[in-house]
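See below for data_32.cif, which holds mmCIF, C-alpha atoms and all ligand atoms.
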```
data_run
#
loop_
_atom_site.label_atom_id
_atom_site.label_comp_id
_atom_site.auth_asym_id
_atom_site.auth_seq_id
_atom_site.Cartn_x
_atom_site.Cartn_y
_atom_site.Cartn_z
CA MET A 236 8.01 -19.81 31.72
CA ASN A 237 8.73 -16.18 32.65
CA PHE A 238 8.29 -13.58 29.94
CA PRO A 239 11.21 -11.05 29.94
CA SER A 240 10.36 -8.10 32.23
CA LYS A 241 11.71 -5.52 29.75
CA LEU A 242 9.17 -6.73 27.20
CA LEU A 243 6.37 -6.73 29.77
CA GLY A 244 7.35 -3.11 30.48
CA LYS A 245 6.94 -2.22 26.80
CA LEU A 246 3.46 -3.73 26.75
CA LYS A 247 2.60 -1.82 29.94
CA ASP A 248 3.77 1.44 28.32
CA ARG A 249 1.46 0.81 25.37
CA GLN A 250 -1.40 0.16 27.80
CA LEU A 251 -0.69 3.37 29.73
CA SER A 252 -0.55 5.48 26.56
CA ASN A 253 -3.79 3.90 25.28
CA THR A 254 -2.03 2.52 22.21
CA LEU A 255 -2.04 -1.22 22.95
CA ARG A 256 -2.90 -3.12 19.76
CA LYS A 257 -5.36 -6.03 19.88
CA LEU A 258 -6.60 -8.43 17.23
CA SER A 259 -10.32 -8.23 16.62
CA GLU A 260 -12.38 -10.77 14.69
CA VAL A 261 -13.65 -9.44 11.40
CA ASN A 262 -17.26 -10.13 10.42
CA GLU A 263 -18.38 -11.27 13.86
CA ARG A 264 -20.97 -8.61 13.35
CA GLU A 265 -21.84 -7.33 9.89
CA LEU A 266 -20.46 -3.80 9.83
CA VAL A 267 -20.46 -1.46 6.85
CA ASP A 268 -16.92 -1.56 5.50
CA PHE A 269 -15.07 1.75 5.64
CA SER A 270 -11.77 0.19 6.65
CA SER A 271 -10.59 -2.63 4.39
CA ASN A 272 -8.27 -2.18 1.40
CA ASP A 273 -10.76 -4.06 -0.79
CA TYR A 274 -11.32 -0.83 -2.74
CA ILE A 275 -13.10 -2.36 -5.76
CA GLY A 276 -14.65 -5.40 -4.09
CA PHE A 277 -12.41 -7.98 -5.81
CA SER A 278 -11.85 -9.99 -2.61
CA LYS A 279 -15.49 -11.14 -2.89
CA GLU A 280 -15.66 -11.31 -6.69
CA GLU A 281 -16.91 -14.82 -7.45
CA SER A 282 -15.85 -14.85 -11.10
CA ILE A 283 -12.21 -14.61 -9.90
CA SER A 284 -12.47 -17.42 -7.35
CA GLU A 285 -14.51 -19.66 -9.68
CA ARG A 286 -12.07 -19.35 -12.58
CA SER A 287 -9.11 -19.82 -10.23
CA ALA A 288 -10.67 -22.94 -8.67
CA LYS A 289 -11.28 -24.49 -12.12
CA GLU A 290 -7.74 -23.78 -13.27
CA LEU A 291 -6.29 -25.02 -9.98
CA LYS A 292 -7.97 -28.41 -10.49
CA ARG A 293 -5.96 -28.92 -13.67
CA LEU A 294 -2.68 -28.52 -11.79
CA GLU A 295 -0.66 -31.15 -10.03
CA HIS A 296 0.17 -29.03 -7.01
CA LEU A 297 -3.16 -27.92 -5.59
CA ASN A 298 -2.10 -26.68 -2.22
CA GLY A 299 1.42 -25.35 -2.28
CA SER A 300 4.39 -24.63 -4.48
CA THR A 301 6.76 -27.01 -2.62
CA GLY A 302 9.88 -24.84 -2.58
CA SER A 303 11.49 -21.55 -3.50
CA ARG A 304 11.36 -20.30 -7.09
CA LEU A 305 15.04 -21.18 -7.56
CA LEU A 306 14.57 -24.77 -6.35
CA THR A 307 11.29 -26.67 -6.83
CA GLY A 308 8.67 -23.90 -6.69
CA ASN A 309 8.84 -22.32 -10.15
CA PHE A 310 5.91 -23.47 -12.31
CA LEU A 311 4.67 -22.32 -15.68
CA ILE A 312 1.90 -20.36 -13.93
CA HIS A 313 4.51 -18.20 -12.13
CA THR A 314 6.44 -17.29 -15.25
CA SER A 315 3.33 -16.79 -17.37
CA LEU A 316 1.79 -14.55 -14.66
CA GLU A 317 4.98 -12.47 -14.68
CA GLU A 318 4.68 -12.11 -18.47
CA ASP A 319 0.99 -11.12 -18.21
CA LEU A 320 1.79 -8.61 -15.48
CA ALA A 321 4.69 -7.11 -17.41
CA SER A 322 2.38 -6.56 -20.37
CA HIS A 323 -0.51 -5.19 -18.24
CA PHE A 324 1.68 -2.86 -16.18
CA LYS A 325 3.80 -1.80 -19.18
CA ALA A 326 7.10 -3.00 -17.77
CA GLU A 327 10.02 -4.72 -19.44
CA ALA A 328 9.98 -7.33 -16.67
CA VAL A 329 8.16 -8.26 -13.47
CA LEU A 330 9.19 -10.38 -10.49
CA LEU A 331 6.67 -11.83 -8.03
CA PHE A 332 7.06 -11.55 -4.26
CA ASN A 333 4.95 -13.06 -1.49
CA SER A 334 3.86 -9.64 -0.21
CA GLY A 335 4.49 -5.94 -0.62
CA TYR A 336 6.41 -6.06 2.64
CA ASP A 337 8.72 -8.69 1.16
CA ALA A 338 9.06 -6.74 -2.10
CA ASN A 339 10.18 -3.54 -0.38
CA LEU A 340 12.52 -5.44 1.92
CA GLY A 341 14.00 -7.45 -0.94
CA LEU A 342 14.50 -4.45 -3.21
CA LEU A 343 15.89 -1.98 -0.69
CA SER A 344 18.15 -4.44 1.09
CA SER A 345 19.77 -5.67 -2.11
CA VAL A 346 19.89 -2.84 -4.67
CA PRO A 347 21.43 0.24 -2.96
CA GLN A 348 25.05 -0.60 -2.10
CA ARG A 349 27.53 0.68 0.50
CA GLY A 350 28.49 4.22 -0.58
CA ASP A 351 25.09 4.79 -2.28
CA ARG A 352 22.41 7.08 -0.82
CA ILE A 353 18.67 6.48 -0.46
CA PHE A 354 16.28 9.38 0.10
CA TYR A 355 12.81 8.53 1.43
CA ASP A 356 9.67 10.50 2.19
CA GLU A 357 9.06 10.92 5.92
CA TYR A 358 5.62 9.26 5.55
CA SER A 359 7.04 6.11 3.97
CA HIS A 360 5.41 2.81 4.86
CA ALA A 361 7.02 0.57 7.52
CA SER A 362 8.07 -1.96 4.86
CA ILE A 363 10.17 0.75 3.17
CA ARG A 364 11.75 1.80 6.46
CA ASP A 365 12.52 -1.81 7.35
CA GLY A 366 14.11 -2.34 3.93
CA LEU A 367 16.28 0.73 4.51
CA LYS A 368 17.42 -0.67 7.85
CA LEU A 369 18.67 -3.79 6.07
CA SER A 370 20.56 -1.81 3.44
CA ASN A 371 24.27 -0.98 3.55
CA ALA A 372 23.55 2.37 1.88
CA LYS A 373 23.01 5.55 3.93
CA SER A 374 19.42 6.71 4.10
CA PHE A 375 18.08 10.27 4.40
CA LYS A 376 14.53 11.32 5.22
CA PHE A 377 12.95 14.29 3.42
CA LYS A 378 9.81 16.24 4.31
CA HIS A 379 6.57 14.76 3.05
CA ASN A 380 6.03 15.56 -0.65
CA ASP A 381 8.53 18.43 -0.39
CA ILE A 382 10.54 18.49 -3.63
CA GLU A 383 12.67 21.44 -2.49
CA ASP A 384 13.63 19.70 0.76
CA LEU A 385 14.59 16.62 -1.29
CA ARG A 386 16.64 18.74 -3.68
CA ARG A 387 18.44 20.43 -0.74
CA LYS A 388 19.21 17.10 0.92
CA ILE A 389 20.54 15.53 -2.25
CA LYS A 390 22.80 18.53 -2.81
CA ALA A 391 23.88 18.87 0.85
CA THR A 392 26.09 15.80 0.90
CA SER A 393 27.96 14.14 -1.87
CA GLY A 394 27.47 10.46 -2.26
CA GLY A 395 30.01 9.28 -4.76
CA GLY A 396 27.82 6.28 -5.52
CA GLU A 397 24.32 5.86 -6.93
CA ASP A 398 21.38 7.83 -5.52
CA TYR A 399 17.91 6.34 -5.04
CA VAL A 400 14.67 8.09 -4.06
CA ILE A 401 11.69 6.08 -2.86
CA VAL A 402 8.16 7.46 -2.62
CA GLU A 403 4.57 6.22 -2.67
CA SER A 404 2.13 7.23 -5.40
CA VAL A 405 -0.72 7.20 -2.84
CA TYR A 406 0.28 7.52 0.81
CA SER A 407 -1.26 4.81 2.94
CA MET A 408 -2.19 6.92 5.96
CA ASP A 409 -2.94 10.34 4.39
CA GLY A 410 -4.30 9.17 1.03
CA ASP A 411 -2.59 12.05 -0.79
CA PHE A 412 -0.56 11.63 -3.99
CA GLY A 413 3.21 11.65 -4.32
CA PRO A 414 4.33 14.35 -6.83
CA ILE A 415 5.45 11.77 -9.39
CA GLU A 416 5.86 14.09 -12.40
CA LYS A 417 8.02 16.56 -10.46
CA LEU A 418 10.06 13.70 -9.03
CA VAL A 419 10.69 12.32 -12.50
CA ASP A 420 11.88 15.78 -13.63
CA LEU A 421 14.15 16.02 -10.60
CA SER A 422 15.49 12.50 -11.19
CA ILE A 423 16.61 13.60 -14.65
CA GLU A 424 18.09 16.88 -13.33
CA LEU A 425 19.94 15.32 -10.38
CA ASN A 426 20.50 11.87 -11.84
CA PHE A 427 18.88 9.58 -9.29
CA ASN A 428 16.94 6.32 -9.59
CA LEU A 429 13.27 6.79 -8.72
CA ILE A 430 11.38 3.96 -7.01
CA VAL A 431 7.59 4.22 -6.63
CA ASP A 432 5.50 2.10 -4.27
CA GLU A 433 2.08 1.80 -5.96
CA ALA A 434 0.42 -0.34 -3.27
CA HIS A 435 -2.65 1.88 -2.95
CA SER A 436 -2.94 2.97 -6.59
CA THR A 437 -2.86 -0.51 -8.13
CA GLY A 438 -6.32 -1.34 -9.50
CA VAL A 439 -7.54 2.15 -8.63
CA PHE A 440 -5.67 4.58 -10.92
CA GLY A 441 -4.59 4.26 -14.53
CA PRO A 442 -6.81 3.35 -17.51
CA LYS A 443 -6.80 -0.34 -16.51
CA GLY A 444 -5.70 -0.06 -12.89
CA GLU A 445 -1.99 0.03 -13.79
CA GLY A 446 -1.25 2.72 -11.19
CA ILE A 447 -0.27 6.35 -11.34
CA VAL A 448 3.12 5.99 -13.06
CA VAL A 449 1.41 4.41 -16.08
CA GLU A 450 -1.52 6.85 -15.86
CA LYS A 451 1.06 9.62 -16.35
CA LYS A 452 2.94 7.61 -19.01
CA LEU A 453 6.16 7.76 -16.98
CA GLU A 454 6.91 4.04 -16.75
CA SER A 455 10.10 4.30 -18.81
CA LYS A 456 11.44 7.00 -16.44
CA VAL A 457 11.05 5.04 -13.19
CA PHE A 458 13.68 2.59 -11.97
CA ALA A 459 11.27 0.27 -10.13
CA ARG A 460 7.60 0.09 -9.18
CA ILE A 461 6.15 -1.98 -6.36
CA HIS A 462 2.57 -3.17 -6.93
CA THR A 463 0.72 -5.15 -4.29
CA PHE A 464 -2.11 -7.64 -4.87
CA GLY A 465 -3.65 -7.63 -1.39
CA LYS A 466 -5.40 -4.28 -1.68
CA ALA A 467 -7.61 -3.36 -4.68
CA LEU A 468 -6.92 -6.71 -6.39
CA GLY A 469 -8.38 -8.50 -3.34
CA CYS A 470 -5.75 -11.28 -3.51
CA HIS A 471 -2.30 -11.68 -1.96
CA GLY A 472 1.30 -11.04 -2.96
CA ALA A 473 3.18 -8.34 -4.82
CA MET A 474 5.48 -7.64 -7.73
CA ILE A 475 8.39 -5.42 -8.67
CA ALA A 476 8.22 -3.96 -12.18
CA GLY A 477 11.36 -2.67 -13.88
CA SER A 478 14.01 -3.62 -16.39
CA SER A 479 15.02 -7.18 -17.29
CA VAL A 480 18.44 -6.62 -15.72
CA LEU A 481 16.79 -5.45 -12.46
CA LYS A 482 14.77 -8.69 -12.47
CA GLU A 483 17.91 -10.75 -13.05
CA TYR A 484 19.67 -8.87 -10.24
CA LEU A 485 16.80 -9.45 -7.79
CA ILE A 486 16.62 -13.16 -8.65
CA ASN A 487 20.30 -13.36 -7.68
CA PHE A 488 20.54 -11.03 -4.69
CA SER A 489 17.12 -10.28 -3.19
CA ARG A 490 16.95 -12.43 -0.07
CA SER A 491 13.20 -12.11 0.47
CA PHE A 492 12.76 -13.52 -3.05
CA ILE A 493 15.38 -16.26 -2.79
CA TYR A 494 14.93 -17.69 0.68
CA THR A 495 11.18 -18.27 0.80
CA THR A 496 8.59 -20.65 -0.62
CA ALA A 497 7.24 -19.47 -3.97
CA PRO A 498 3.70 -17.99 -4.05
CA SER A 499 1.12 -20.80 -3.93
CA PRO A 500 -0.60 -21.84 -7.17
CA HIS A 501 -3.88 -20.61 -5.72
CA ALA A 502 -2.43 -17.15 -5.01
CA VAL A 503 -0.91 -16.96 -8.51
CA LEU A 504 -4.15 -17.92 -10.26
CA ALA A 505 -6.21 -15.50 -8.18
CA VAL A 506 -3.90 -12.62 -9.19
CA LYS A 507 -4.00 -13.70 -12.85
CA ASN A 508 -7.80 -13.69 -12.89
CA ALA A 509 -8.09 -10.45 -10.91
CA VAL A 510 -5.77 -8.62 -13.31
CA SER A 511 -7.57 -10.01 -16.35
CA LEU A 512 -10.86 -8.69 -14.93
CA LEU A 513 -9.51 -5.15 -14.46
CA PRO A 514 -10.02 -3.86 -18.04
CA LYS A 515 -13.69 -5.02 -18.02
CA SER A 516 -14.65 -4.11 -14.47
CA LYS A 517 -16.97 -1.19 -13.77
CA ALA A 518 -15.93 -1.14 -10.10
CA PRO A 519 -13.02 1.37 -10.41
CA ALA A 520 -15.35 3.94 -12.04
CA LYS A 521 -17.89 3.40 -9.23
CA LEU A 522 -15.13 3.89 -6.68
CA HIS A 523 -14.12 7.21 -8.26
CA LYS A 524 -17.76 8.36 -8.18
CA ASN A 525 -17.85 7.46 -4.50
CA ILE A 526 -14.66 9.40 -3.77
CA SER A 527 -16.29 12.54 -5.25
CA CYS A 528 -19.52 11.87 -3.37
CA PHE A 529 -17.71 11.38 -0.02
CA LYS A 530 -15.75 14.59 -0.51
CA ALA A 531 -18.98 16.48 -1.24
CA TYR A 532 -20.45 15.17 2.04
CA ILE A 533 -17.32 16.28 3.93
CA ILE A 534 -18.12 19.83 2.79
CA HIS A 535 -21.86 19.40 3.40
CA PHE A 536 -21.23 18.47 7.05
CA LYS A 537 -18.51 21.13 7.46
CA LEU A 538 -15.82 18.59 8.30
CA GLU A 539 -13.12 20.00 5.98
CA ASP A 540 -10.92 21.15 8.88
CA PHE A 541 -10.49 17.55 10.10
CA PHE A 542 -9.87 15.86 6.75
CA ILE A 543 -6.52 15.68 4.96
CA GLU A 544 -6.99 16.71 1.31
CA SER A 545 -7.01 13.53 -0.77
CA GLY A 546 -8.31 12.40 -4.15
CA SER A 547 -7.85 8.71 -3.37
CA PRO A 548 -10.01 6.10 -1.60
CA ILE A 549 -8.10 6.86 1.63
CA GLN A 550 -9.76 9.77 3.44
CA SER A 551 -8.32 10.51 6.88
CA ALA A 552 -9.79 12.76 9.56
CA VAL A 553 -7.24 13.81 12.19
CA PHE A 554 -8.37 14.25 15.81
CA GLY A 555 -4.97 14.13 17.46
CA SER A 556 -5.42 11.91 20.50
CA PRO A 557 -5.59 8.13 20.83
CA GLY A 558 -8.51 8.34 23.28
CA LYS A 559 -10.58 10.53 20.96
CA VAL A 560 -10.10 8.44 17.82
CA LYS A 561 -10.77 5.20 19.69
CA GLU A 562 -13.95 6.66 21.11
CA ILE A 563 -15.16 7.91 17.70
CA SER A 564 -14.39 4.56 16.08
CA SER A 565 -16.26 2.65 18.77
CA ARG A 566 -19.28 4.97 18.55
CA LEU A 567 -19.35 4.47 14.78
CA GLU A 568 -19.16 0.73 15.36
CA ASP A 569 -22.16 0.92 17.69
CA LYS A 570 -24.07 2.41 14.75
CA GLY A 571 -22.94 -0.39 12.42
CA TYR A 572 -19.93 1.25 10.73
CA ASP A 573 -16.35 -0.02 10.60
CA ALA A 574 -13.82 2.84 10.35
CA LYS A 575 -10.54 2.21 12.11
CA PRO A 576 -8.60 4.47 14.48
CA ILE A 577 -4.96 4.88 13.40
CA LEU A 578 -2.61 5.38 16.32
CA TYR A 579 1.01 6.19 17.10
CA PRO A 580 3.51 4.73 16.07
CA THR A 581 1.78 4.14 12.71
CA VAL A 582 1.27 7.93 12.54
CA PRO A 583 3.20 10.60 14.51
CA LYS A 584 1.97 11.49 18.02
CA GLY A 585 -0.76 14.14 17.79
CA GLN A 586 -1.73 12.91 14.28
CA GLU A 587 -4.05 10.13 15.46
CA ARG A 588 -6.89 9.78 13.04
CA ILE A 589 -9.86 7.86 11.71
CA ARG A 590 -8.97 6.46 8.31
CA PHE A 591 -12.02 6.05 6.06
CA CYS A 592 -11.29 3.66 3.21
CA LEU A 593 -13.84 4.04 0.41
CA HIS A 594 -15.04 1.23 -1.86
CA SER A 595 -16.97 0.76 -5.08
CA TYR A 596 -19.68 -0.97 -2.99
CA ASN A 597 -20.27 1.80 -0.43
CA THR A 598 -23.63 3.48 -1.04
CA ALA A 599 -24.32 7.24 -1.03
CA HIS A 600 -26.59 6.67 1.97
CA GLN A 601 -23.79 4.96 3.94
CA MET A 602 -21.30 7.72 3.11
CA LYS A 603 -23.78 10.41 4.09
CA GLU A 604 -24.71 8.68 7.33
CA ILE A 605 -21.17 7.94 8.50
CA LEU A 606 -20.17 11.57 7.98
CA TYR A 607 -23.35 12.83 9.62
CA LEU A 608 -22.55 10.62 12.64
CA LEU A 609 -18.97 11.88 12.66
CA SER A 610 -20.18 15.49 12.65
CA THR A 611 -22.27 14.78 15.76
CA PHE A 612 -19.35 13.11 17.60
CA VAL A 613 -16.67 15.78 17.13
C1 LIG A 701 2.61 1.72 0.82
C2 LIG A 701 2.62 0.27 1.18
N1 LIG A 701 3.63 -0.50 0.74
C3 LIG A 701 3.69 -1.81 1.03
C4 LIG A 701 2.71 -2.41 1.79
C5 LIG A 701 2.83 -3.85 2.13
O1 LIG A 701 2.04 -4.62 1.27
P1 LIG A 701 1.56 -6.07 1.70
O2 LIG A 701 0.34 -5.89 2.52
O3 LIG A 701 1.31 -6.79 0.41
O4 LIG A 701 2.67 -6.69 2.49
C6 LIG A 701 1.63 -1.66 2.26
C7 LIG A 701 0.60 -2.32 3.08
O5 LIG A 701 -0.01 -1.80 3.95
C8 LIG A 701 1.59 -0.28 1.96
O6 LIG A 701 0.60 0.48 2.41
#
```
As structure tokens, how would this structure be written, given the file I've shared?
Ligand SMILES: Cc1ncc(COP(=O)(O)O)c(C=O)c1O
Amino acid sequence: MNFPSKLLGKLKDRQLSNTLRKLSEVNERELVDFSSNDYIGFSKEESISERSAKELKRLEHLNGSTGSRLLTGNFLIHTSLEEDLASHFKAEAVLLFNSGYDANLGLLSSVPQRGDRIFYDEYSHASIRDGLKLSNAKSFKFKHNDIEDLRRKIKATSGGGEDYVIVESVYSMDGDFGPIEKLVDLSIELNFNLIVDEAHSTGVFGPKGEGIVVEKKLESKVFARIHTFGKALGCHGAMIAGSSVLKEYLINFSRSFIYTTAPSPHAVLAVKNAVSLLPKSKAPAKLHKNISCFKAYIIHFKLEDFFIESGSPIQSAVFGSPGKVKEISSRLEDKGYDAKPILYPTVPKGQERIRFCLHSYNTAHQMKEILYLLSTFV
């Protein structure tokens, strides 16, 4: 069977620009982890998997949920997890999704209507952009973290309908924070609905890992929050937190919620046990110590000019060419370290970088050595 030549051409272009993506097997060789999103080590936390396995044995459906939530896939464990999550994340209501990608798609494709406007940060994650593509509302990009640019763009055209603004509390590729407090103030001044994607702050920020909106006590001022379970919580899936009427609306109109098999019992129990561990876990505090330690080593090895300023576990060093970042990543790998190159189109051309993801389980020695190695490669 012939593969379409246009598509072969696109693959060839990727090859020629040194940006062809390939799957690589994880853990074939034990590398020190500076790349996963397992920020607080919960993906390997045995107390979560042991409790989940015990609870799973008591259920009738061990392997799958058998249908969508609206048909045969809604069990007590789904609704009680949503209640637990609403209480933990200080929301009136929570709705589960199979992934953060699904949550952003389902929210953005169903909530903003024709005649409404959605403003999004230029560094928004692909799942946000894809959700915008599915929406009937008009979308407008504003400069990264630039409140004045957002204000200008909101004022430049008149919508007539509702306005929505979507941002991330921690940006996935730069690791910097969205200016949530200023955005809340602006949302009150200009009357828009603020949506915050907390994928990379869940489990990391907030007194019990509730994210940055709760850390700043702004939960009642935000229209919707997206929290994902596949990063710091070490599990799988996502949720949207908001009002009860938002939940009811999504159950009725969000296609990525309606037309898909409900999260499996195993996934639900893992999230339940991960969230219940958060208040007791010492791992988030260790992670924050490591972030400070890593930043001190950046200064020690005079690497400040390469690194984007960030107070989160995502620390990116920009080298600006695909060849260079691939070479640095592969030299680090030769020395036993896993830090991934991030290429166009995930980041703009010329912004190619190594993204160092920090964890509670990284040691001071590992952080010192990886940055020492980096300083000898650049
Ligand atoms: C900001 C942001 N939102 C959403 C997602 C998607 O989450 P998930 O991996 O659960 O689909 C990601 C994942 O990379 C992300 O970084």
| message | Using only C-alpha atoms and all ligand atoms, which residues of the polymer chains come no farther than 6 Å from ligand LIG 701 (chain A)? I'd like the answer as a list in words. | response |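 I would give the residues around ligand LIG 701 (chain A) as Ser334, Gly335, Tyr336, His360, Ser362, Ser407, Asp432, Ala434, Thr463, Gly465, Gly472 and Ala473 of chain A.
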I'd like the neighbourhood of A:Glu317 as a CSV table (one decimal) with C-alpha atoms, keeping the file's coordinate frame, where a residue qualifies if any of its atoms comes within 8 Å (using all atoms listed in the file), though same-chain residues fewer than 5 positions away should be ignored.
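Output contents, as saved in out.csv:
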```csv
chain,number,residue,atom,x,y,z
A,328,ALA,CA,10.0,-7.3,-16.7
A,329,VAL,CA,8.2,-8.3,-13.5
A,330,LEU,CA,9.2,-10.4,-10.5
A,331,LEU,CA,6.7,-11.8,-8.0
```
Using 12 Å as the limit and counting all atoms listed in the file, can you tabulate each residue of stretch 463-493 of chain A that touches stretch 297-315 of chain A, with its shortest atom-to-atom distance in Å and the two atoms involved, as CSV?
```
residue,atom,partner,partner_atom,distance
A:Met474,CA,A:His313,CA,11.5
A:Leu485,CA,A:Leu305,CA,11.9
A:Ile486,CA,A:Leu305,CA,8.2
A:Asn487,CA,A:Leu305,CA,9.4
A:Phe488,CA,A:Leu305,CA,11.9
A:Ser489,CA,A:Leu305,CA,11.9
A:Arg490,CA,A:Ser303,CA,11.2
A:Ser491,CA,A:Ser303,CA,10.4
A:Phe492,CA,A:Arg304,CA,8.0
A:Ile493,CA,A:Ser303,CA,6.6
```
| Option closest in space to A:Ser479, from A:Ala321, A:Ser564, A:Phe412, A:Ala505 [counting all atoms listed in the file] |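 Result for the nearest residue to A:Ser479: A:Ala321.
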| query | Could you state the separation of atom CA of A:Ala391 and atom CA of A:Ser374 in Å, given to one decimal place? | reply |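 Those two atoms sit 13.4 Å apart.
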| remark: Separating atom CA of A:Phe354 from atom CA of A:Phe377, to the nearest tenth of an Å, is a gap of 6.8 Å
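Residue nearest A:Thr254 within the list A:Gly366, A:Pro557, A:Pro576, A:Pro583: A:Pro557 [criterion: smallest interatomic distance, only C-alpha atoms].
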| request: Find the residue from A:Leu608, A:Leu538, A:Tyr355, A:Asp337 that sits nearest to A:Arg566; use all atoms listed in the file when measuring. | output: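 Of A:Leu608, A:Leu538, A:Tyr355, A:Asp337, the one nearest A:Arg566, counting all atoms listed in the file, is A:Leu608.
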| Mind pulling up the distance from atom CA of A:Ser345 to atom CA of A:Gly396? | 14.8 Å
Mind running stretch 474-559 of chain A against stretch 603-607 of chain A at 9 Å and telling me each contacting residue's nearest atom pair with the distance in Å (one decimal), counting only C-alpha atoms, chain and number ascending, as a Markdown table?
```
| residue | atom | partner | partner_atom | distance |
| --- | --- | --- | --- | --- |
| A:Cys528 | CA | A:Lys603 | CA | 8.7 |
| A:Phe529 | CA | A:Lys603 | CA | 7.4 |
| A:Tyr532 | CA | A:Lys603 | CA | 6.2 |
| A:Ile533 | CA | A:Leu606 | CA | 6.8 |
| A:Phe536 | CA | A:Tyr607 | CA | 6.6 |
| A:Leu538 | CA | A:Leu606 | CA | 8.3 |
```
| Contacts of stretch 517-519 of chain A at 9 Å or less, counting all atoms listed in the file, minus same-chain residues fewer than 6 places along, as a list in words? |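 Near stretch 517-519 of chain A, the qualifying residues are Tyr274, Ile275, Gly276, Phe277, Gly438, Val439, Phe440, Lys443, Gly444, His594, Ser595 and Tyr596 of chain A.
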| query | Contacts of A:Ile563 at 10 Å or less, counting all atoms listed in the file, minus same-chain residues fewer than 3 places along, as a PyMOL selection string? | reply | chain A and resi 554+558-560+566-569+574-576+588-589+608-609+612-613
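If you measure from each of A:Lys378, A:Leu342, A:Asp411, A:Ala502 to A:Glu544 using only C-alpha atoms, the closest one turns out to be A:Asp411.
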Some atoms are absent from stretch 372-376 of chain A, so rebuild all heavy atoms and return them as a JSON list (two decimals), in the frame of the given file.
```json
[["chain", "number", "residue", "atom", "x", "y", "z"],
["A", 372, "ALA", "N", 23.47, 0.98, 2.33],
["A", 372, "ALA", "CA", 23.55, 2.37, 1.88],
["A", 372, "ALA", "C", 23.06, 3.29, 3.00],
["A", 372, "ALA", "O", 22.32, 2.86, 3.88],
["A", 372, "ALA", "CB", 22.69, 2.56, 0.64],
["A", 373, "LYS", "N", 23.47, 4.57, 2.94],
["A", 373, "LYS", "CA", 23.01, 5.55, 3.93],
["A", 373, "LYS", "C", 21.65, 6.06, 3.51],
["A", 373, "LYS", "O", 21.43, 6.35, 2.33],
["A", 373, "LYS", "CB", 23.99, 6.74, 3.97],
["A", 373, "LYS", "CG", 24.92, 6.69, 5.13],
["A", 373, "LYS", "CD", 25.60, 8.03, 5.29],
["A", 373, "LYS", "CE", 26.29, 8.07, 6.64],
["A", 373, "LYS", "NZ", 27.03, 9.27, 6.85],
["A", 374, "SER", "N", 20.73, 6.20, 4.48],
["A", 374, "SER", "CA", 19.42, 6.71, 4.10],
["A", 374, "SER", "C", 19.14, 8.07, 4.71],
["A", 374, "SER", "O", 19.63, 8.38, 5.82],
["A", 374, "SER", "CB", 18.33, 5.71, 4.44],
["A", 374, "SER", "OG", 18.38, 5.38, 5.79],
["A", 375, "PHE", "N", 18.39, 8.90, 3.99],
["A", 375, "PHE", "CA", 18.08, 10.27, 4.40],
["A", 375, "PHE", "C", 16.59, 10.50, 4.22],
["A", 375, "PHE", "O", 16.04, 10.20, 3.15],
["A", 375, "PHE", "CB", 18.83, 11.28, 3.51],
["A", 375, "PHE", "CG", 20.33, 11.10, 3.52],
["A", 375, "PHE", "CD1", 20.93, 10.16, 2.68],
["A", 375, "PHE", "CD2", 21.12, 11.85, 4.36],
["A", 375, "PHE", "CE1", 22.31, 9.98, 2.68],
["A", 375, "PHE", "CE2", 22.51, 11.68, 4.36],
["A", 375, "PHE", "CZ", 23.10, 10.75, 3.53],
["A", 376, "LYS", "N", 15.98, 11.06, 5.28],
["A", 376, "LYS", "CA", 14.53, 11.32, 5.22],
["A", 376, "LYS", "C", 14.31, 12.73, 4.69],
["A", 376, "LYS", "O", 15.02, 13.66, 5.07],
["A", 376, "LYS", "CB", 14.01, 11.21, 6.67],
["A", 376, "LYS", "CG", 12.56, 11.42, 6.86],
["A", 376, "LYS", "CD", 12.10, 10.88, 8.19],
["A", 376, "LYS", "CE", 12.59, 11.72, 9.36],
["A", 376, "LYS", "NZ", 12.10, 11.23, 10.65]]
```
